[in-house]
Amino acid sequence: MGSGVAGKGTDVSDLDSEERVRFEQLVLPHLDAAFNLARWLLRNRADAQDVAQEAMLRAFRFFRGFHGGDARAWLLQIVRNTCFTWLEKHRSVDLMTEFDEELHLQPSMSPESQAIAGDNRERLTRALEDLPPRFREILVLRELEGCSYKEIAAITSTPIGTVMSGLARARQRLQRTLTQPGAPKKQEASHEL
Amino acid sequence: MNCELTGSVLHGYLDGELDAARAADFERHLVSCPECVRALEAQESLRSSLQGAALYERAPSSLREKLRTELGPPRLAVPTAAVLRPTPWRWLAIAAALLLAALAGWRLLPGVRNSGSETQLAAAIVDAHLRSLQPGHLEDVVSTDQHTVKPWFDGKLDFAPPVRDFVDQGFPLQGGRLDVVRGRTVAVLVYARRKHLVNVFIWPAAESDSHPSSGSQLGYNWVSWSRNGMELYAVSDVNPADLSELQRLSME
């Protein structure tokens, strides 16, 4: 991580003052959004800090390529790409749950952990984190970040129709996880190894 | 589950993303489809528990610090008054706003709107909205009581902004603050709309009551109108229909 990721981008020192001020005005205010998305995609605050930082530096280096428009969507696109690259490299097992629709209503909760996690926030956090990353991503963008379908489509590079059906599936799954926490697993622990 | 709409259009409807014709079609469909009615209720309740659970996680200050180190010192001169504020990016925004004000200054004078285009004004308002979303910058007076917020402005402005709470209509008042838009000190009321925030900027109007105009910038929507000698400018990431509703409420 760090400076190596910038590829062919502009060097930090190359941005002139005017661009620099524009970056500080347009992009930096969305640091919370960047961190929040990374935190939910990576399911971990420490990793999210590293990756959000990397994404922000990357955004800074590529800022010349931003020609106006929705700065938040532009930044979040970089954040999610950085997150998925990071997951591929460090936790590819996370990505394997991807399109396995009929997958177990996973780790969910044993009765014991359910008792411990009586708290609503805890329960929802776990349920969200149990979703495959692509579903988690659109739900977080929609419900926590308040993005429109158009923005989600731009951030995730998918058609708007796919955003809508993806949200439908993500919500149905989330609801199932929440309402049947002890449901039997269809594929015993197939993804845990 | 058999109704095919449950798994698709229902969500577009829930998110306010259907156009008027499709939304009306779906509402007609709801009359005869108990399955969709149930699913819609369930989804609404799922949404409200997601929103009520405070799941949003803001960037820790250590991350802000690290970025500051990585990006090097900001390029603009630091205005002395702002140095006192500890939050790292705050003074950059202020410096930029001052610069903007200075650039526009030679033709500023009485009003906020008299110079430049609608687009520039909208850009300034959206910038102010973004600044307000930085932690700790949203409100100077935090209160859901209009009788607390209104007197707070006394003596701080050369006009008395209209302060009303619309909690029963889904726009609970959150507080108020002073802000500067194009060199003019203005009043700002903060309302909540579901999990979103709406800033309403208020200053004395140059003209009498006008029809509302609206638009969007950087993904934020705005509606502006004037009423009883005041110009109001609402900006938020909520959808335009919500903003128009707030505008209508304020005209009542």
# chains A, B, ... in the order shown; residues from 1 in each chain; ligands from 1

call {"tool": "interface_residues", "arguments": {"of": "chain A", "to": "chain B", "cutoff": "6 Å", "atoms": "only C-alpha atoms", "output": "list in words"}}
result
Asp32, Phe35, Asn36, Gly69, Asp70, Arg121, Leu144, Ser165 and Ala168 of chain A

call {"tool": "residues_around", "arguments": {"residues": "B:Asp165", "least_positions_apart": "6", "cutoff": "8 Å", "atoms": "only C-alpha atoms", "output": "list in words"}}
result
Thr144, Asp145, Gln146, Phe171, Pro172 and Leu173 of chain B

call {"tool": "write_last_selection", "arguments": {"atoms": "C-alpha atoms", "output": "PDB file, in the first residue's frame"}}
result
ATOM      1  CA  THR B 144     -35.556  21.298  18.273  1.00  0.00           C
ATOM      2  CA  ASP B 145     -37.538  24.130  19.805  1.00  0.00           C
ATOM      3  CA  GLN B 146     -38.240  27.045  17.482  1.00  0.00           C
ATOM      4  CA  PHE B 171     -38.994  17.879   8.918  1.00  0.00           C
ATOM      5  CA  PRO B 172     -37.975  18.175  12.570  1.00  0.00           C
ATOM      6  CA  LEU B 173     -35.942  21.282  13.332  1.00  0.00           C
TER       7      LEU B 173
END

call {"tool": "closest_residue", "arguments": {"among": "A:Leu31, A:Leu41, A:Leu76, A:Ile160", "to": "A:Leu131", "atoms": "only C-alpha atoms"}}
result
A:Leu41

call {"tool": "atom_distance", "arguments": {"atom1": "atom CA of B:Val235", "atom2": "atom CA of B:Phe201"}}
result
8.2 Å

call {"tool": "select_by_dssp", "arguments": {"residues": "stretch 41-80 of chain A", "states": "alpha helix (DSSP H)", "output": "ChimeraX atom specification"}}
result
/A:41-42,45-61,71-80

call {"tool": "write_last_selection", "arguments": {"atoms": "N, CA and C atoms", "output": "PDB file, in the first residue's frame"}}
result
ATOM      1  N   LEU A  41     -17.279  -2.518   3.601  1.00  0.00           N
ATOM      2  CA  LEU A  41     -16.801  -3.505   2.626  1.00  0.00           C
ATOM      3  C   LEU A  41     -15.749  -4.416   3.247  1.00  0.00           C
ATOM      4  N   LEU A  42     -14.927  -3.852   4.106  1.00  0.00           N
ATOM      5  CA  LEU A  42     -13.830  -4.646   4.678  1.00  0.00           C
ATOM      6  C   LEU A  42     -14.182  -5.237   6.043  1.00  0.00           C
ATOM      7  N   ARG A  45     -12.459  -1.754  11.007  1.00  0.00           N
ATOM      8  CA  ARG A  45     -12.115  -0.325  11.020  1.00  0.00           C
ATOM      9  C   ARG A  45     -10.645  -0.054  10.706  1.00  0.00           C
ATOM     10  N   ALA A  46      -9.773  -0.926  11.220  1.00  0.00           N
ATOM     11  CA  ALA A  46      -8.346  -0.680  11.014  1.00  0.00           C
ATOM     12  C   ALA A  46      -7.992  -0.792   9.524  1.00  0.00           C
ATOM     13  N   ASP A  47      -8.485  -1.867   8.878  1.00  0.00           N
ATOM     14  CA  ASP A  47      -8.238  -2.013   7.444  1.00  0.00           C
ATOM     15  C   ASP A  47      -8.889  -0.872   6.669  1.00  0.00           C
ATOM     16  N   ALA A  48     -10.079  -0.474   7.144  1.00  0.00           N
ATOM     17  CA  ALA A  48     -10.792   0.604   6.453  1.00  0.00           C
ATOM     18  C   ALA A  48      -9.983   1.902   6.490  1.00  0.00           C
ATOM     19  N   GLN A  49      -9.324   2.143   7.585  1.00  0.00           N
ATOM     20  CA  GLN A  49      -8.499   3.360   7.681  1.00  0.00           C
ATOM     21  C   GLN A  49      -7.403   3.338   6.634  1.00  0.00           C
ATOM     22  N   ASP A  50      -6.695   2.191   6.561  1.00  0.00           N
ATOM     23  CA  ASP A  50      -5.609   2.076   5.585  1.00  0.00           C
ATOM     24  C   ASP A  50      -6.129   2.247   4.164  1.00  0.00           C
ATOM     25  N   VAL A  51      -7.222   1.552   3.874  1.00  0.00           N
ATOM     26  CA  VAL A  51      -7.703   1.557   2.493  1.00  0.00           C
ATOM     27  C   VAL A  51      -8.333   2.905   2.136  1.00  0.00           C
ATOM     28  N   ALA A  52      -9.035   3.509   3.072  1.00  0.00           N
ATOM     29  CA  ALA A  52      -9.613   4.836   2.800  1.00  0.00           C
ATOM     30  C   ALA A  52      -8.492   5.846   2.564  1.00  0.00           C
ATOM     31  N   GLN A  53      -7.426   5.697   3.317  1.00  0.00           N
ATOM     32  CA  GLN A  53      -6.288   6.600   3.123  1.00  0.00           C
ATOM     33  C   GLN A  53      -5.673   6.394   1.737  1.00  0.00           C
ATOM     34  N   GLU A  54      -5.486   5.129   1.404  1.00  0.00           N
ATOM     35  CA  GLU A  54      -4.913   4.829   0.088  1.00  0.00           C
ATOM     36  C   GLU A  54      -5.807   5.382  -1.027  1.00  0.00           C
ATOM     37  N   ALA A  55      -7.116   5.188  -0.859  1.00  0.00           N
ATOM     38  CA  ALA A  55      -8.053   5.658  -1.890  1.00  0.00           C
ATOM     39  C   ALA A  55      -8.030   7.180  -1.998  1.00  0.00           C
ATOM     40  N   MET A  56      -7.928   7.840  -0.867  1.00  0.00           N
ATOM     41  CA  MET A  56      -7.922   9.300  -0.876  1.00  0.00           C
ATOM     42  C   MET A  56      -6.656   9.818  -1.568  1.00  0.00           C
ATOM     43  N   LEU A  57      -5.532   9.181  -1.296  1.00  0.00           N
ATOM     44  CA  LEU A  57      -4.288   9.605  -1.950  1.00  0.00           C
ATOM     45  C   LEU A  57      -4.355   9.340  -3.445  1.00  0.00           C
ATOM     46  N   ARG A  58      -4.966   8.225  -3.781  1.00  0.00           N
ATOM     47  CA  ARG A  58      -5.153   7.892  -5.176  1.00  0.00           C
ATOM     48  C   ARG A  58      -6.038   8.931  -5.862  1.00  0.00           C
ATOM     49  N   ALA A  59      -7.109   9.291  -5.180  1.00  0.00           N
ATOM     50  CA  ALA A  59      -8.016  10.322  -5.719  1.00  0.00           C
ATOM     51  C   ALA A  59      -7.246  11.622  -5.932  1.00  0.00           C
ATOM     52  N   PHE A  60      -6.382  11.912  -4.993  1.00  0.00           N
ATOM     53  CA  PHE A  60      -5.601  13.143  -5.093  1.00  0.00           C
ATOM     54  C   PHE A  60      -4.699  13.110  -6.325  1.00  0.00           C
ATOM     55  N   ARG A  61      -4.084  11.955  -6.530  1.00  0.00           N
ATOM     56  CA  ARG A  61      -3.166  11.845  -7.671  1.00  0.00           C
ATOM     57  C   ARG A  61      -3.896  11.901  -9.002  1.00  0.00           C
ATOM     58  N   ALA A  71     -18.662  14.795  -7.035  1.00  0.00           N
ATOM     59  CA  ALA A  71     -17.363  14.467  -6.448  1.00  0.00           C
ATOM     60  C   ALA A  71     -17.462  13.281  -5.488  1.00  0.00           C
ATOM     61  N   ARG A  72     -18.589  13.191  -4.787  1.00  0.00           N
ATOM     62  CA  ARG A  72     -18.738  12.079  -3.849  1.00  0.00           C
ATOM     63  C   ARG A  72     -18.761  10.743  -4.609  1.00  0.00           C
ATOM     64  N   ALA A  73     -19.552  10.709  -5.686  1.00  0.00           N
ATOM     65  CA  ALA A  73     -19.634   9.476  -6.462  1.00  0.00           C
ATOM     66  C   ALA A  73     -18.267   9.125  -7.059  1.00  0.00           C
ATOM     67  N   TRP A  74     -17.581  10.155  -7.517  1.00  0.00           N
ATOM     68  CA  TRP A  74     -16.249   9.935  -8.112  1.00  0.00           C
ATOM     69  C   TRP A  74     -15.301   9.335  -7.074  1.00  0.00           C
ATOM     70  N   LEU A  75     -15.305   9.902  -5.883  1.00  0.00           N
ATOM     71  CA  LEU A  75     -14.433   9.398  -4.820  1.00  0.00           C
ATOM     72  C   LEU A  75     -14.839   7.979  -4.400  1.00  0.00           C
ATOM     73  N   LEU A  76     -16.145   7.759  -4.237  1.00  0.00           N
ATOM     74  CA  LEU A  76     -16.600   6.451  -3.763  1.00  0.00           C
ATOM     75  C   LEU A  76     -16.294   5.345  -4.768  1.00  0.00           C
ATOM     76  N   GLN A  77     -16.272   5.731  -6.039  1.00  0.00           N
ATOM     77  CA  GLN A  77     -15.900   4.754  -7.059  1.00  0.00           C
ATOM     78  C   GLN A  77     -14.451   4.308  -6.846  1.00  0.00           C
ATOM     79  N   ILE A  78     -13.598   5.258  -6.554  1.00  0.00           N
ATOM     80  CA  ILE A  78     -12.193   4.926  -6.279  1.00  0.00           C
ATOM     81  C   ILE A  78     -12.087   4.087  -4.998  1.00  0.00           C
ATOM     82  N   VAL A  79     -12.861   4.468  -3.997  1.00  0.00           N
ATOM     83  CA  VAL A  79     -12.831   3.743  -2.721  1.00  0.00           C
ATOM     84  C   VAL A  79     -13.236   2.287  -2.915  1.00  0.00           C
ATOM     85  N   ARG A  80     -14.349   2.076  -3.631  1.00  0.00           N
ATOM     86  CA  ARG A  80     -14.807   0.684  -3.746  1.00  0.00           C
ATOM     87  C   ARG A  80     -13.848  -0.142  -4.609  1.00  0.00           C
TER      88      ARG A  80
END
